[in-house]
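All remarks here apply to the structure that follows.
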Amino acid sequence: MFIQTESTPNPATLKFLPGQSVLDTGTADFPVAEAANASPLAQRIFAVEGVTGVFFGTDFVTVTKADSVEWDHIKPALLGAIMEHFQSGDPVMAVDGKAASGHADHDGEDGEIVSQIKELLDTRVRPAVAQDGGDITFHGFDRGVVYLHMQGACAGCPSSTLTLKMGIENLLRHYIPEVTEVRPVAV
């Protein structure tokens, strides 16, 4: 098994491509080790000292490290943990663990606007940020403000504010005049 690695715009996050499916659909975010109970793979990765976050996409795993740790010191252990997991035949997610579909539900009078927002996120934004090892999902819409949740390499990325304001906010405002601002949320 050969696992490729790619850097991301977030220097604390590295993208691992195992060359096979990680999740059939959706994503799974483990921002802390305690959240990893739903995934045997995430548990193996968190067992490597210095790991502070794990995120799964359909064909990739992103790992976030502590600032005090160098990639050169933990990358071999991470490659070993990922390879060992896929060779073991263990599932990526435990039976009771589920991948997230992404967007929060929205009930209310702005349903049509929210549908347009989700459509633009799914077709224009999410594929681009997946290339960088992350995901951005809809969290809410209130009086012109769109609330988005950043995951994986996007969470804590130095360029995430610029991505939100100059990229996503401009895109949404261009296509949906009701949108006035985009803000990040922590879930």
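In the structure tokens, each chain is lettered A, B, ... as it comes, each chain's residues begin at 1, and ligands are numbered from 1 in order of appearance.
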List every residue of range 139-169 of chain A that has an atom at most 7 Å from any atom of range 11-34 of chain A, and for each one report the closest atom pair and its distance in Å to one decimal, counting only C-alpha atoms, with rows sorted by chain and then by increasing residue number, as JSON lines.
```
{"residue": "A:Gln151", "atom": "CA", "partner": "A:Asp29", "partner_atom": "CA", "distance": 6.6}
{"residue": "A:Gly152", "atom": "CA", "partner": "A:Asp29", "partner_atom": "CA", "distance": 6.7}
{"residue": "A:Ala153", "atom": "CA", "partner": "A:Thr13", "partner_atom": "CA", "distance": 5.6}
```
Please dump the current selection as a PDB file, in the first residue's frame; keep C-alpha atoms.
```pdb
ATOM      1  CA  GLN A 151     -13.545  21.532   9.319  1.00  0.00           C
ATOM      2  CA  GLY A 152     -10.334  19.634   8.683  1.00  0.00           C
ATOM      3  CA  ALA A 153      -7.548  21.719   7.193  1.00  0.00           C
TER       4      ALA A 153
END
```
Which parts of range 21-71 of chain A does DSSP call strand (DSSP E) when run on the backbone here, written out as a VMD selection string?
-> chain A and resid 28 to 30 51 to 56 61 to 65
Same residues, C-alpha atoms, output as a compact mmCIF listing (two decimals), in the first residue's frame:
```txt
# COMPACT_ATOMS: atom_id res chain seq x y z
CA ALA A 28 -16.23 12.94 9.64
CA ASP A 29 -14.57 15.50 11.89
CA PHE A 30 -12.71 14.65 15.09
CA VAL A 51 -1.99 14.90 16.93
CA THR A 52 -4.68 17.46 17.76
CA GLY A 53 -7.31 16.81 15.06
CA VAL A 54 -8.41 14.27 12.46
CA PHE A 55 -10.78 14.74 9.51
CA PHE A 56 -12.02 12.22 6.91
CA VAL A 61 -7.52 11.81 5.84
CA THR A 62 -6.26 15.13 7.17
CA VAL A 63 -4.30 15.28 10.39
CA THR A 64 -3.65 18.41 12.43
CA LYS A 65 -0.66 18.55 14.74
```
Would you work out the distance separating CA of Met93 in chain A from CA of Leu41 in chain A, expressed in Å to one decimal?
->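 Interatomic distance, CA of Met93 in chain A to CA of Leu41 in chain A: 7.3 Å.
Proximity to Gly167 in chain A was assessed for A:His85, A:His139, A:Arg124, A:His149 counting only C-alpha atoms; the smallest distance is recorded for A:Arg124.
The residue that comes closest to Gly111 in chain A, out of A:Val95, A:Ile74, A:Asp142, A:Ile3 and on the basis of only C-alpha atoms, is A:Asp142.
In terms of minimum interatomic distance to Tyr175 in chain A, A:Leu121 ranks closest within A:Leu121, A:Ala42, A:Leu148, A:Ala130, counting only C-alpha atoms.
Counting only C-alpha atoms, the residue from A:Val92, A:Val185, A:Val146, A:Ala128 that sits nearest to Thr163 in chain A is A:Ala128.
Comparing the minimum interatomic distances between Met150 in chain A and each of A:Ala186, A:Leu172, A:Leu120, A:Ala36, counting only C-alpha atoms, we find that A:Ala186 sits nearest.
CA of Ser39 in chain A is found 27.3 Å from CA of Lys118 in chain A.
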Helix (DSSP H, G or I) per DSSP on the backbone: members of range 35-156 of chain A, as number ranges by chain | A: 35-38, 40-46, 71-88, 111-131
Looking at only C-alpha atoms, which of A:Pro40, A:Gly108, A:Leu162, A:Val125 is the one that sits closest to Gly89 in chain A?
->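 So, comparing all the options, the nearest one is A:Pro40.
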Identify, on the basis of only C-alpha atoms, every residue whose closest approach to Asp105 in chain A does not exceed 12 Å; exclude the query and any residue fewer than 4 positions from it along the same chain; express the result as an MDAnalysis selection string.
-> chainID A and resid 101 110:111 114:115 118 137:141
